[in-house]
>>> print(open('data_17.csv').read())   # CSV, C-alpha atoms
chain,number,residue,atom,x,y,z
A,1,MET,CA,-161.3,-28.8,-158.7
A,2,ARG,CA,-160.2,-28.4,-155.1
A,3,LEU,CA,-158.5,-25.4,-153.7
A,4,ARG,CA,-155.1,-25.6,-152.1
A,5,ALA,CA,-153.2,-23.5,-149.7
A,6,ALA,CA,-150.7,-22.7,-152.5
A,7,PRO,CA,-152.7,-22.5,-155.7
A,8,PHE,CA,-149.7,-21.9,-157.8
A,9,ARG,CA,-148.8,-25.5,-157.5
A,10,ARG,CA,-151.9,-26.5,-159.4
A,11,VAL,CA,-151.2,-23.9,-162.0
A,12,ALA,CA,-147.6,-25.3,-162.4
A,13,PHE,CA,-149.1,-28.8,-162.7
A,14,LEU,CA,-151.5,-27.7,-165.5
A,15,LEU,CA,-148.8,-25.9,-167.3
A,16,ALA,CA,-146.5,-28.9,-167.2
A,17,LEU,CA,-149.4,-31.1,-168.4
A,18,ALA,CA,-150.1,-28.8,-171.3
A,19,ALA,CA,-146.4,-28.7,-172.2
A,20,GLY,CA,-146.3,-32.5,-172.1
A,21,LEU,CA,-149.3,-32.9,-174.3
A,22,GLY,CA,-147.6,-30.8,-177.0
A,23,ALA,CA,-144.5,-33.0,-176.8
A,24,VAL,CA,-146.1,-36.4,-177.1
A,25,GLN,CA,-144.9,-38.3,-180.1
A,26,ALA,CA,-146.0,-41.8,-179.4
A,27,PRO,CA,-149.0,-43.1,-181.5
A,28,ALA,CA,-152.4,-43.2,-180.0
A,29,SER,CA,-153.4,-46.5,-181.6
A,30,THR,CA,-153.1,-49.9,-179.8
A,31,ALA,CA,-150.5,-51.1,-182.2
A,32,TYR,CA,-147.7,-49.8,-180.0
A,33,GLY,CA,-144.2,-49.7,-181.3
A,34,ARG,CA,-140.8,-49.2,-179.9
A,35,PRO,CA,-137.8,-47.2,-181.0
A,36,ALA,CA,-134.9,-49.2,-182.4
A,37,GLN,CA,-132.7,-48.1,-179.6
A,38,CYS,CA,-134.3,-47.8,-176.2
A,39,GLY,CA,-132.5,-47.7,-172.9
A,40,ALA,CA,-133.7,-46.9,-169.4
A,41,SER,CA,-136.2,-44.1,-168.8
A,42,VAL,CA,-137.3,-41.8,-166.0
A,43,PRO,CA,-141.1,-41.4,-165.8
A,44,TYR,CA,-140.8,-39.5,-162.5
A,45,ARG,CA,-138.3,-36.9,-161.3
A,46,SER,CA,-139.0,-35.3,-157.9
A,47,GLY,CA,-139.8,-31.6,-158.3
A,48,ASP,CA,-141.6,-32.0,-161.6
A,49,SER,CA,-145.2,-30.9,-162.1
A,50,GLY,CA,-145.1,-29.0,-158.9
A,51,TYR,CA,-144.7,-32.1,-156.7
A,52,HIS,CA,-141.9,-32.1,-154.1
A,53,THR,CA,-141.3,-35.9,-154.3
A,54,PHE,CA,-142.5,-38.9,-156.2
A,55,ARG,CA,-142.5,-42.2,-154.4
A,56,ILE,CA,-144.0,-45.7,-154.2
A,57,PRO,CA,-143.9,-47.1,-157.7
A,58,ALA,CA,-146.3,-49.8,-159.1
A,59,ALA,CA,-146.6,-51.1,-162.6
A,60,VAL,CA,-148.9,-53.2,-164.8
A,61,ARG,CA,-149.2,-54.0,-168.5
A,62,THR,CA,-152.6,-53.6,-170.1
A,63,PRO,CA,-154.1,-56.1,-172.6
A,64,ASP,CA,-153.5,-53.7,-175.5
A,65,GLY,CA,-149.7,-53.6,-174.7
A,66,GLY,CA,-149.7,-50.3,-172.8
A,67,LEU,CA,-147.6,-49.9,-169.7
A,68,LEU,CA,-148.9,-48.1,-166.6
A,69,ALA,CA,-146.5,-46.6,-164.0
A,70,PHE,CA,-148.2,-45.4,-160.8
A,71,ALA,CA,-146.7,-43.3,-158.1
A,72,GLU,CA,-147.5,-41.1,-155.1
A,73,GLY,CA,-147.2,-37.4,-155.9
A,74,ARG,CA,-146.2,-35.8,-152.6
A,75,TRP,CA,-146.8,-32.0,-152.6
A,76,ASN,CA,-144.9,-30.6,-149.7
A,77,SER,CA,-142.2,-33.0,-148.6
A,78,SER,CA,-141.0,-36.6,-149.0
A,79,ALA,CA,-142.9,-37.6,-145.8
A,80,ASP,CA,-145.4,-40.5,-145.9
A,81,ASN,CA,-148.2,-38.4,-144.6
A,82,GLY,CA,-149.8,-35.1,-145.7
A,83,ASP,CA,-151.1,-33.9,-149.0
A,84,ILE,CA,-150.4,-36.8,-151.4
A,85,ASP,CA,-152.1,-37.6,-154.7
A,86,LEU,CA,-152.0,-40.8,-156.7
A,87,VAL,CA,-150.6,-40.2,-160.2
A,88,LEU,CA,-149.9,-42.2,-163.4
A,89,ARG,CA,-147.8,-42.1,-166.5
A,90,ARG,CA,-148.6,-44.4,-169.5
A,91,SER,CA,-146.1,-45.7,-172.0
A,92,LEU,CA,-147.1,-46.8,-175.4
A,93,ASP,CA,-143.7,-48.2,-176.4
A,94,GLY,CA,-142.7,-50.6,-173.6
A,95,GLY,CA,-141.3,-47.9,-171.3
A,96,CYS,CA,-139.1,-46.0,-173.7
A,97,THR,CA,-141.2,-42.8,-173.6
A,98,TRP,CA,-144.1,-41.7,-171.3
A,99,GLN,CA,-147.3,-39.9,-171.8
A,100,PRO,CA,-148.0,-36.8,-169.7
A,101,LEU,CA,-148.7,-37.2,-166.0
A,102,GLN,CA,-152.3,-38.0,-165.1
A,103,LEU,CA,-154.1,-37.4,-161.8
A,104,VAL,CA,-155.8,-40.7,-160.7
A,105,ALA,CA,-157.0,-39.8,-157.2
A,106,ASP,CA,-156.9,-36.6,-155.2
A,107,ALA,CA,-158.4,-36.4,-151.7
A,108,GLY,CA,-157.8,-32.8,-150.9
A,109,THR,CA,-155.1,-32.4,-148.4
A,110,ASP,CA,-155.4,-36.0,-147.2
A,111,THR,CA,-153.0,-38.9,-148.1
A,112,VAL,CA,-153.9,-41.2,-151.1
A,113,GLY,CA,-151.3,-43.9,-151.9
A,114,ASN,CA,-150.1,-47.5,-151.9
A,115,PRO,CA,-151.1,-48.2,-155.5
A,116,VAL,CA,-151.9,-51.9,-156.2
A,117,PRO,CA,-152.9,-52.4,-159.9
A,118,VAL,CA,-154.1,-55.6,-161.5
A,119,VAL,CA,-155.8,-56.5,-164.8
A,120,ASP,CA,-159.1,-58.4,-164.6
A,121,PRO,CA,-158.6,-61.2,-167.1
A,122,ARG,CA,-162.3,-61.6,-167.8
A,123,THR,CA,-162.9,-58.0,-168.9
A,124,GLY,CA,-159.4,-56.5,-169.5
A,125,ASP,CA,-160.2,-53.7,-167.0
A,126,VAL,CA,-157.4,-52.4,-164.8
A,127,VAL,CA,-158.5,-52.6,-161.2
A,128,LEU,CA,-156.6,-50.4,-158.8
A,129,VAL,CA,-156.7,-50.8,-155.0
A,130,THR,CA,-155.3,-48.0,-152.8
A,131,CYS,CA,-155.5,-46.6,-149.2
A,132,ARG,CA,-156.3,-43.2,-147.9
A,133,THR,CA,-155.6,-41.5,-144.5
A,134,ILE,CA,-158.3,-39.0,-143.5
A,135,GLY,CA,-157.6,-35.8,-141.6
A,136,GLY,CA,-153.8,-35.7,-141.9
A,137,ALA,CA,-153.1,-38.5,-139.4
A,138,THR,CA,-149.8,-40.3,-139.3
A,139,GLN,CA,-149.2,-44.0,-139.2
A,140,ARG,CA,-147.8,-43.7,-135.7
A,141,GLN,CA,-151.0,-41.9,-134.5
A,142,VAL,CA,-153.2,-44.5,-136.0
A,143,THR,CA,-151.2,-47.5,-134.8
A,144,SER,CA,-150.9,-46.1,-131.2
A,145,GLY,CA,-154.6,-45.3,-130.9
A,146,ARG,CA,-154.1,-41.6,-130.6
A,147,VAL,CA,-156.6,-41.2,-133.5
A,148,ALA,CA,-159.5,-43.4,-134.5
A,149,ALA,CA,-158.6,-46.5,-136.6
A,150,SER,CA,-161.4,-45.5,-139.0
A,151,VAL,CA,-159.3,-42.7,-140.5
A,152,ARG,CA,-157.2,-45.3,-142.4
A,153,ARG,CA,-159.4,-46.6,-145.3
A,154,VAL,CA,-159.3,-48.8,-148.4
A,155,TYR,CA,-160.6,-47.9,-151.9
A,156,VAL,CA,-160.9,-49.4,-155.4
A,157,GLN,CA,-161.0,-47.8,-158.8
A,158,ARG,CA,-161.1,-49.2,-162.3
A,159,SER,CA,-160.3,-48.2,-165.8
A,160,THR,CA,-162.0,-49.7,-168.8
A,161,ASP,CA,-159.8,-48.0,-171.4
A,162,GLY,CA,-156.3,-49.0,-170.6
A,163,GLY,CA,-155.7,-46.4,-167.9
A,164,ARG,CA,-156.8,-43.3,-169.9
A,165,THR,CA,-159.7,-42.6,-167.5
A,166,TRP,CA,-160.6,-43.9,-164.1
A,167,SER,CA,-163.8,-44.3,-162.0
A,168,PRO,CA,-164.1,-42.4,-158.7
A,169,GLN,CA,-162.7,-44.1,-155.6
A,170,ARG,CA,-165.1,-46.5,-154.0
A,171,ASP,CA,-164.7,-47.2,-150.3
A,172,ILE,CA,-164.5,-51.0,-149.5
A,173,THR,CA,-163.1,-50.6,-145.9
A,174,ALA,CA,-166.2,-52.2,-144.2
A,175,THR,CA,-165.6,-55.5,-146.0
A,176,VAL,CA,-161.8,-55.8,-145.8
A,177,LYS,CA,-160.7,-54.2,-142.5
A,178,ALA,CA,-161.4,-56.2,-139.2
A,179,SER,CA,-162.7,-54.3,-136.3
A,180,ASP,CA,-159.6,-54.8,-134.2
A,181,TRP,CA,-157.2,-53.6,-136.9
A,182,ARG,CA,-155.8,-50.1,-136.7
A,183,TRP,CA,-153.2,-49.3,-139.4
A,184,TYR,CA,-153.9,-50.8,-142.8
A,185,ALA,CA,-152.1,-50.8,-146.1
A,186,VAL,CA,-152.2,-52.6,-149.4
A,187,GLY,CA,-149.1,-53.6,-151.4
A,188,PRO,CA,-147.6,-51.4,-152.6
A,189,GLY,CA,-146.8,-52.9,-156.0
A,190,HIS,CA,-148.8,-55.0,-158.5
A,191,ALA,CA,-151.4,-57.6,-157.5
A,192,VAL,CA,-152.1,-60.9,-159.4
A,193,ALA,CA,-154.9,-62.5,-161.3
A,194,LEU,CA,-154.8,-66.3,-160.6
A,195,ARG,CA,-154.7,-68.6,-163.6
A,196,HIS,CA,-155.1,-72.1,-162.2
A,197,ALA,CA,-158.0,-74.5,-161.4
A,198,SER,CA,-161.0,-73.3,-159.5
A,199,HIS,CA,-159.2,-70.1,-158.5
A,200,ARG,CA,-158.9,-69.0,-162.1
A,201,GLY,CA,-159.7,-65.3,-162.5
A,202,ARG,CA,-159.4,-64.5,-158.8
A,203,LEU,CA,-157.8,-61.1,-158.1
A,204,LEU,CA,-155.4,-61.4,-155.1
A,205,VAL,CA,-154.0,-58.3,-153.4
A,206,PRO,CA,-151.3,-58.4,-150.7
A,207,ALA,CA,-151.9,-56.2,-147.7
A,208,ASN,CA,-151.0,-55.7,-144.0
A,209,HIS,CA,-152.5,-54.4,-140.8
A,210,SER,CA,-151.6,-53.6,-137.2
A,211,SER,CA,-153.3,-55.2,-134.2
A,212,GLY,CA,-155.2,-52.9,-131.9
A,213,THR,CA,-154.4,-55.3,-129.1
A,214,THR,CA,-150.7,-55.8,-129.5
A,215,GLY,CA,-149.7,-53.0,-131.9
A,216,ARG,CA,-147.7,-55.5,-134.0
A,217,SER,CA,-148.1,-55.7,-137.7
A,218,GLY,CA,-149.2,-58.7,-139.8
A,219,ALA,CA,-149.8,-59.7,-143.4
A,220,HIS,CA,-153.1,-60.6,-145.0
A,221,SER,CA,-154.7,-60.8,-148.5
A,222,LEU,CA,-157.7,-59.4,-150.2
A,223,SER,CA,-159.5,-61.5,-152.8
A,224,SER,CA,-162.2,-60.9,-155.4
A,225,ASP,CA,-163.9,-63.5,-157.5
A,226,ASP,CA,-166.0,-61.1,-159.5
A,227,GLY,CA,-163.4,-58.9,-161.2
A,228,GLY,CA,-162.9,-56.4,-158.3
A,229,HIS,CA,-166.5,-55.5,-157.6
A,230,SER,CA,-166.6,-57.2,-154.2
A,231,TRP,CA,-163.7,-58.0,-151.8
A,232,HIS,CA,-163.0,-60.3,-148.9
A,233,VAL,CA,-160.1,-60.9,-146.5
A,234,GLY,CA,-158.2,-64.1,-147.3
A,235,TYR,CA,-155.2,-65.4,-145.3
A,236,VAL,CA,-154.2,-63.6,-142.1
A,237,SER,CA,-150.7,-64.2,-140.7
A,238,GLY,CA,-150.4,-65.1,-137.1
A,239,SER,CA,-147.6,-62.7,-136.6
A,240,VAL,CA,-149.6,-60.1,-134.8
A,241,SER,CA,-148.8,-62.0,-131.6
A,242,GLY,CA,-145.8,-64.1,-132.9
A,243,PRO,CA,-142.1,-63.6,-133.6
A,244,LEU,CA,-142.4,-61.7,-136.9
A,245,ALA,CA,-143.6,-58.1,-137.6
A,246,LEU,CA,-144.7,-58.1,-141.2
A,247,ASN,CA,-145.8,-55.4,-143.6
A,248,GLU,CA,-145.6,-54.4,-147.3
A,249,SER,CA,-146.0,-57.9,-148.7
A,250,THR,CA,-145.9,-59.0,-152.4
A,251,LEU,CA,-147.1,-62.2,-154.0
A,252,ALA,CA,-147.0,-64.4,-157.1
A,253,GLU,CA,-148.7,-67.5,-158.4
A,254,LEU,CA,-146.2,-70.3,-159.0
A,255,PRO,CA,-146.5,-72.6,-162.0
A,256,GLY,CA,-148.5,-75.3,-160.1
A,257,GLY,CA,-151.0,-72.8,-158.7
A,258,THR,CA,-149.5,-72.3,-155.3
A,259,VAL,CA,-149.3,-68.7,-154.2
A,260,TYR,CA,-145.9,-67.5,-152.9
A,261,ILE,CA,-146.0,-64.5,-150.5
A,262,ASN,CA,-142.9,-62.4,-149.5
A,263,ALA,CA,-143.1,-59.7,-146.8
A,264,ARG,CA,-140.9,-57.0,-145.3
A,265,ASP,CA,-140.1,-58.1,-141.7
A,266,HIS,CA,-139.4,-55.5,-139.0
A,267,ASP,CA,-138.5,-58.0,-136.2
A,268,VAL,CA,-134.9,-57.3,-135.4
A,269,THR,CA,-134.6,-60.7,-133.6
A,270,ALA,CA,-135.4,-62.7,-136.8
A,271,ALA,CA,-132.8,-63.7,-139.4
A,272,GLY,CA,-132.7,-61.0,-142.1
A,273,THR,CA,-135.4,-58.5,-143.1
A,274,ARG,CA,-137.6,-60.7,-145.3
A,275,ALA,CA,-140.1,-63.5,-144.6
A,276,ASP,CA,-142.1,-65.7,-146.9
A,277,ALA,CA,-145.1,-68.1,-146.9
A,278,TYR,CA,-147.3,-70.2,-149.2
A,279,SER,CA,-151.0,-70.7,-149.9
A,280,ALA,CA,-152.4,-73.8,-151.6
A,281,ASP,CA,-156.0,-72.5,-151.9
A,282,GLY,CA,-155.7,-69.4,-153.9
A,283,GLY,CA,-154.7,-67.0,-151.1
A,284,LEU,CA,-157.5,-67.8,-148.7
A,285,THR,CA,-155.4,-69.5,-146.1
A,286,LEU,CA,-151.7,-70.2,-145.5
A,287,SER,CA,-150.5,-73.8,-146.1
A,288,VAL,CA,-147.0,-72.9,-145.0
A,289,PRO,CA,-146.8,-70.0,-142.4
A,290,PHE,CA,-144.4,-67.1,-142.6
A,291,ARG,CA,-140.8,-67.8,-141.7
A,292,PRO,CA,-137.6,-65.7,-142.1
A,293,GLN,CA,-136.0,-65.8,-145.5
A,294,PRO,CA,-132.3,-64.9,-144.8
A,295,GLN,CA,-131.1,-65.5,-148.3
A,296,LEU,CA,-132.7,-62.3,-149.5
A,297,THR,CA,-130.1,-60.0,-148.0
A,298,GLY,CA,-131.0,-56.4,-147.9
A,299,PRO,CA,-132.2,-53.5,-145.7
A,300,THR,CA,-135.7,-53.2,-144.3
A,301,VAL,CA,-137.6,-52.0,-147.3
A,302,GLN,CA,-140.4,-53.0,-149.7
A,303,GLY,CA,-139.7,-55.6,-152.4
A,304,SER,CA,-141.5,-57.1,-155.4
A,305,VAL,CA,-141.9,-60.7,-156.7
A,306,LEU,CA,-142.9,-61.9,-160.2
A,307,GLN,CA,-143.3,-65.4,-161.6
A,308,VAL,CA,-142.0,-65.7,-165.1
A,309,SER,CA,-144.3,-67.8,-167.3
A,310,GLY,CA,-144.9,-68.6,-171.0
A,311,LEU,CA,-141.3,-69.4,-171.9
A,312,PRO,CA,-139.8,-72.3,-173.7
A,313,TRP,CA,-138.1,-73.2,-170.4
A,314,ARG,CA,-139.5,-73.2,-166.9
A,315,GLY,CA,-139.4,-69.6,-165.8
A,316,PRO,CA,-138.0,-68.6,-162.4
A,317,LEU,CA,-139.6,-66.6,-159.6
A,318,LEU,CA,-138.0,-63.1,-159.5
A,319,PHE,CA,-137.5,-60.8,-156.5
A,320,SER,CA,-136.4,-57.1,-156.7
A,321,GLY,CA,-135.0,-55.0,-153.9
A,322,PRO,CA,-131.9,-53.2,-152.7
A,323,SER,CA,-129.1,-55.7,-152.0
A,324,ASP,CA,-126.9,-53.7,-149.6
A,325,PRO,CA,-127.5,-55.3,-146.1
A,326,ASP,CA,-127.4,-52.1,-144.2
A,327,ARG,CA,-128.5,-49.3,-146.5
A,328,ARG,CA,-131.1,-48.7,-149.2
A,329,ARG,CA,-128.8,-48.9,-152.2
A,330,ARG,CA,-127.6,-51.2,-155.1
A,331,MET,CA,-130.9,-52.4,-156.6
A,332,GLN,CA,-130.8,-56.0,-157.6
A,333,VAL,CA,-133.1,-58.6,-159.2
A,334,ARG,CA,-132.7,-62.2,-157.9
A,335,ALA,CA,-134.1,-65.4,-159.2
A,336,SER,CA,-135.3,-68.6,-157.6
A,337,ASP,CA,-135.6,-71.9,-159.5
A,338,ASP,CA,-137.1,-73.8,-156.5
A,339,ALA,CA,-140.2,-71.7,-155.7
A,340,GLY,CA,-138.5,-69.3,-153.3
A,341,LYS,CA,-136.4,-71.6,-151.3
A,342,SER,CA,-133.1,-70.4,-152.6
A,343,TRP,CA,-132.1,-67.3,-154.6
A,344,ARG,CA,-129.3,-66.2,-157.0
A,345,PRO,CA,-128.5,-62.6,-158.3
A,346,VAL,CA,-129.2,-62.1,-162.0
A,347,TRP,CA,-129.0,-58.3,-162.4
A,348,SER,CA,-127.6,-55.5,-160.3
A,349,ALA,CA,-127.8,-51.7,-160.8
A,350,ALA,CA,-125.1,-49.2,-159.9
A,351,GLN,CA,-124.1,-48.5,-156.3
A,352,ASP,CA,-126.6,-45.6,-156.2
A,353,PRO,CA,-129.2,-45.3,-153.4
A,354,ALA,CA,-132.4,-47.4,-154.2
A,355,GLY,CA,-135.7,-48.0,-152.5
A,356,TYR,CA,-139.1,-49.3,-153.4
A,357,SER,CA,-139.6,-51.3,-156.7
A,358,ASP,CA,-142.0,-53.2,-158.8
A,359,LEU,CA,-141.4,-55.9,-161.4
A,360,VAL,CA,-143.6,-56.1,-164.5
A,361,ARG,CA,-143.7,-58.3,-167.6
A,362,THR,CA,-143.5,-56.0,-170.7
A,363,GLY,CA,-143.4,-58.5,-173.6
A,364,ILE,CA,-142.7,-62.0,-174.7
A,365,SER,CA,-139.0,-61.7,-174.1
A,366,GLU,CA,-138.7,-58.8,-171.7
A,367,LEU,CA,-139.6,-57.6,-168.2
A,368,GLY,CA,-139.3,-54.2,-166.6
A,369,LEU,CA,-138.3,-52.8,-163.3
A,370,LEU,CA,-139.8,-49.6,-161.9
A,371,TYR,CA,-137.8,-48.4,-158.9
A,372,GLU,CA,-136.8,-45.5,-156.8
A,373,THR,CA,-133.2,-44.4,-157.2
A,374,GLY,CA,-130.8,-41.4,-157.7
A,375,PRO,CA,-127.3,-40.3,-157.3
A,376,ARG,CA,-128.0,-38.4,-154.1
A,377,GLY,CA,-130.9,-40.3,-152.6
A,378,SER,CA,-133.5,-43.0,-153.5
A,379,HIS,CA,-136.2,-40.3,-153.7
A,380,ASP,CA,-134.5,-38.4,-156.6
A,381,THR,CA,-136.3,-40.3,-159.4
A,382,ILE,CA,-138.4,-43.3,-160.2
A,383,ARG,CA,-136.6,-45.1,-163.0
A,384,PHE,CA,-137.7,-47.7,-165.4
A,385,THR,CA,-135.3,-50.3,-166.7
A,386,ARG,CA,-136.0,-52.9,-169.4
A,387,LEU,CA,-134.4,-56.3,-168.8
A,388,PRO,CA,-134.2,-59.4,-171.1
A,389,LEU,CA,-135.9,-62.5,-169.7
A,390,ALA,CA,-132.9,-64.5,-170.8
A,391,LEU,CA,-130.9,-63.1,-167.9
A,392,ALA,CA,-133.0,-65.1,-165.5
A,393,SER,CA,-132.2,-68.5,-167.2
A,394,LYS,CA,-129.6,-70.7,-165.6
>>> encode(input="data_17.csv", output="structure tokens")
Amino acid sequence: MRLRAAPFRRVAFLLALAAGLGAVQAPASTAYGRPAQCGASVPYRSGDSGYHTFRIPAAVRTPDGGLLAFAEGRWNSSADNGDIDLVLRRSLDGGCTWQPLQLVADAGTDTVGNPVPVVDPRTGDVVLVTCRTIGGATQRQVTSGRVAASVRRVYVQRSTDGGRTWSPQRDITATVKASDWRWYAVGPGHAVALRHASHRGRLLVPANHSSGTTGRSGAHSLSSDDGGHSWHVGYVSGSVSGPLALNESTLAELPGGTVYINARDHDVTAAGTRADAYSADGGLTLSVPFRPQPQLTGPTVQGSVLQVSGLPWRGPLLFSGPSDPDRRRRMQVRASDDAGKSWRPVWSAAQDPAGYSDLVRTGISELGLLYETGPRGSHDTIRFTRLPLALASK
């Protein structure tokens, strides 16, 4: 166990953990049930367990029916840099109640974050890709060259027991970060395991980087064809010297096997704050390059996409993100029936502030939305809302 400048925080964490263990009522077996009446829940509330803020949600459903909700536990402030741990809460009843908080990765006073989970379909293992910033550097320092690009690194972990325990972080930076890239981030939000043709079983992770030459950001992918043991760079957007400034991308496999990619766009001269692209070869190259997607109105913020499959009707492609064009508020889920060309709203939250989000399939007829929200600010809580898949049908 590492020492901190303020040890009482760790004591507070352990006390909260012990209290939570005594309060757990969900069964430990894999035959997970659900209360008859189950509304929305709050797996993370800023200030709990000694953490100042919880941010950056990511979710995945395990083969045994468990639901994993990841987040960054920020010790001292809501800032993106500093002493940040990667934490997890598991639900055994579809997101109605949550097991005690788990510590998944702790790098001392460094930053660990940007959780990107995915289930390897061959083994059922949960593979988790994350990033770490060494030595307390900020994104601006890394991007500008004030500190070495090597302080921003990429790691992978795995769980063979549905998220109960995790392997140590393994550094994969050398194989996934080009020599002329400075800043680097994966996701955040879930990755995908491809299901079609020769790409079946491939793990595909959305990521982004900044150019050491131009300073502009661009999108790329990481792929693994051996269940997350080895990784390689797939498509790389040309936006590092073009009109778009892309980061925090998300992706989904469409019914025919094409990969749809959607990214946050920081270029104020482009139409809107989102851009999208397509890959016809399992995420290795772009068959249609990134272009602005003005129909997804919203502020500059991360978003999530999820392709609905396995329904009696052809399931839509879903997108989640705040819908107010100027501020991070009014979380909304939108659906596309034409592979991302056009979008329609299917569910909206209250007018409350809202930020990052992640969509997850929770069952045969339901999906879940894990998102930042609160009455005072989007960093107040991370909330989980269960939604019927029927809402996405036309």
>>> atom_distance(input="data_17.csv", atom1="CA of Gly39 in chain A", atom2="CA of Ser249 in chain A")
29.5 Å
>>> closest_atom_pairs(input="data_17.csv", of="range 149-192 of chain A", to="range 347-368 of chain A", cutoff="10 Å", atoms="only C-alpha atoms", output="CSV")
residue,atom,partner,partner_atom,distance
A:Pro188,CA,A:Asp358,CA,8.5
A:Gly189,CA,A:Asp358,CA,5.6
A:His190,CA,A:Asp358,CA,7.0
>>> write_last_selection(input="data_17.csv", atoms="C-alpha atoms", output="short mmCIF file (atom, residue, chain, number, x, y, z; two decimals), keeping the file's coordinate frame")
data_model
loop_
_atom_site.label_atom_id
_atom_site.label_comp_id
_atom_site.auth_asym_id
_atom_site.auth_seq_id
_atom_site.Cartn_x
_atom_site.Cartn_y
_atom_site.Cartn_z
CA PRO A 188 -147.60 -51.40 -152.60
CA GLY A 189 -146.80 -52.90 -156.00
CA HIS A 190 -148.80 -55.00 -158.50
#
>>> closest_residue(input="data_17.csv", among="A:Gly66, A:Pro316, A:Gly228, A:Gly108", to="Val156 in chain A", atoms="all atoms listed in the file")
A:Gly228
>>> closest_residue(input="data_17.csv", among="A:Thr213, A:Ser336, A:Ser304, A:Ser323", to="Pro57 in chain A", atoms="all atoms listed in the file")
A:Ser304
>>> closest_residue(input="data_17.csv", among="A:Ile172, A:His379, A:Leu296, A:Gly374", to="Trp343 in chain A", atoms="all atoms listed in the file")
A:Leu296
>>> closest_residue(input="data_17.csv", among="A:Ala207, A:Gln99, A:Gly215, A:Gly113", to="Gly145 in chain A", atoms="only C-alpha atoms")
A:Gly215
>>> atom_distance(input="data_17.csv", atom1="CA of Leu203 in chain A", atom2="CA of Arg74 in chain A")
28.4 Å
>>> atom_distance(input="data_17.csv", atom1="CA of Leu286 in chain A", atom2="CA of Tyr260 in chain A")
9.8 Å
>>> residues_around(input="data_17.csv", residues="Phe290 in chain A", least_positions_apart="6", cutoff="9 Å", atoms="all atoms listed in the file", output="ChimeraX atom specification")
/A:237-239,244,261-263,275-278
>>> closest_residue(input="data_17.csv", among="A:Thr111, A:Asn247, A:Ser179, A:Gln169", to="Pro206 in chain A", atoms="only C-alpha atoms")
A:Asn247
>>> residues_around(input="data_17.csv", residues="Val308 in chain A", least_positions_apart="5", cutoff="10 Å", atoms="only C-alpha atoms", output="ChimeraX atom specification")
/A:252-255,313-318,335,360-361,367,389,392
>>> closest_residue(input="data_17.csv", among="A:Thr97, A:Asp337, A:Ala105, A:Leu251", to="Ala40 in chain A", atoms="all atoms listed in the file")
A:Thr97
>>> closest_atom_pairs(input="data_17.csv", of="range 106-143 of chain A", to="range 158-164 of chain A", cutoff="8 Å", atoms="only C-alpha atoms", output="JSON lines")
{"residue": "A:Gly124", "atom": "CA", "partner": "A:Thr160", "partner_atom": "CA", "distance": 7.3}
{"residue": "A:Asp125", "atom": "CA", "partner": "A:Thr160", "partner_atom": "CA", "distance": 4.7}
{"residue": "A:Val126", "atom": "CA", "partner": "A:Ser159", "partner_atom": "CA", "distance": 5.2}
{"residue": "A:Val127", "atom": "CA", "partner": "A:Arg158", "partner_atom": "CA", "distance": 4.4}
{"residue": "A:Leu128", "atom": "CA", "partner": "A:Arg158", "partner_atom": "CA", "distance": 5.8}
>>> residues_near_point(input="data_17.csv", point="(-167.6, -60.2, -149.2)", cutoff="7 Å", atoms="all atoms listed in the file", output="list of chain:residue names")
A:Thr175, A:Ser230, A:Trp231, A:His232
>>> residues_around(input="data_17.csv", residues="Leu86 in chain A", least_positions_apart="6", cutoff="10 Å", atoms="all atoms listed in the file", output="PyMOL selection string")
chain A and resi 54-56+70-74+102-107+111-115+130
>>> residues_near_point(input="data_17.csv", point="(-133.0, -47.0, -163.3)", cutoff="8 Å", atoms="only C-alpha atoms", output="PDB file with C-alpha atoms, in the frame of the given file")
ATOM      1  CA  ALA A  40    -133.700 -46.900-169.400  1.00  0.00           C
ATOM      2  CA  SER A  41    -136.200 -44.100-168.800  1.00  0.00           C
ATOM      3  CA  VAL A  42    -137.300 -41.800-166.000  1.00  0.00           C
ATOM      4  CA  ALA A 349    -127.800 -51.700-160.800  1.00  0.00           C
ATOM      5  CA  LEU A 369    -138.300 -52.800-163.300  1.00  0.00           C
ATOM      6  CA  LEU A 370    -139.800 -49.600-161.900  1.00  0.00           C
ATOM      7  CA  TYR A 371    -137.800 -48.400-158.900  1.00  0.00           C
ATOM      8  CA  GLU A 372    -136.800 -45.500-156.800  1.00  0.00           C
ATOM      9  CA  THR A 373    -133.200 -44.400-157.200  1.00  0.00           C
ATOM     10  CA  ILE A 382    -138.400 -43.300-160.200  1.00  0.00           C
ATOM     11  CA  ARG A 383    -136.600 -45.100-163.000  1.00  0.00           C
ATOM     12  CA  PHE A 384    -137.700 -47.700-165.400  1.00  0.00           C
ATOM     13  CA  THR A 385    -135.300 -50.300-166.700  1.00  0.00           C
TER      14      THR A 385
END
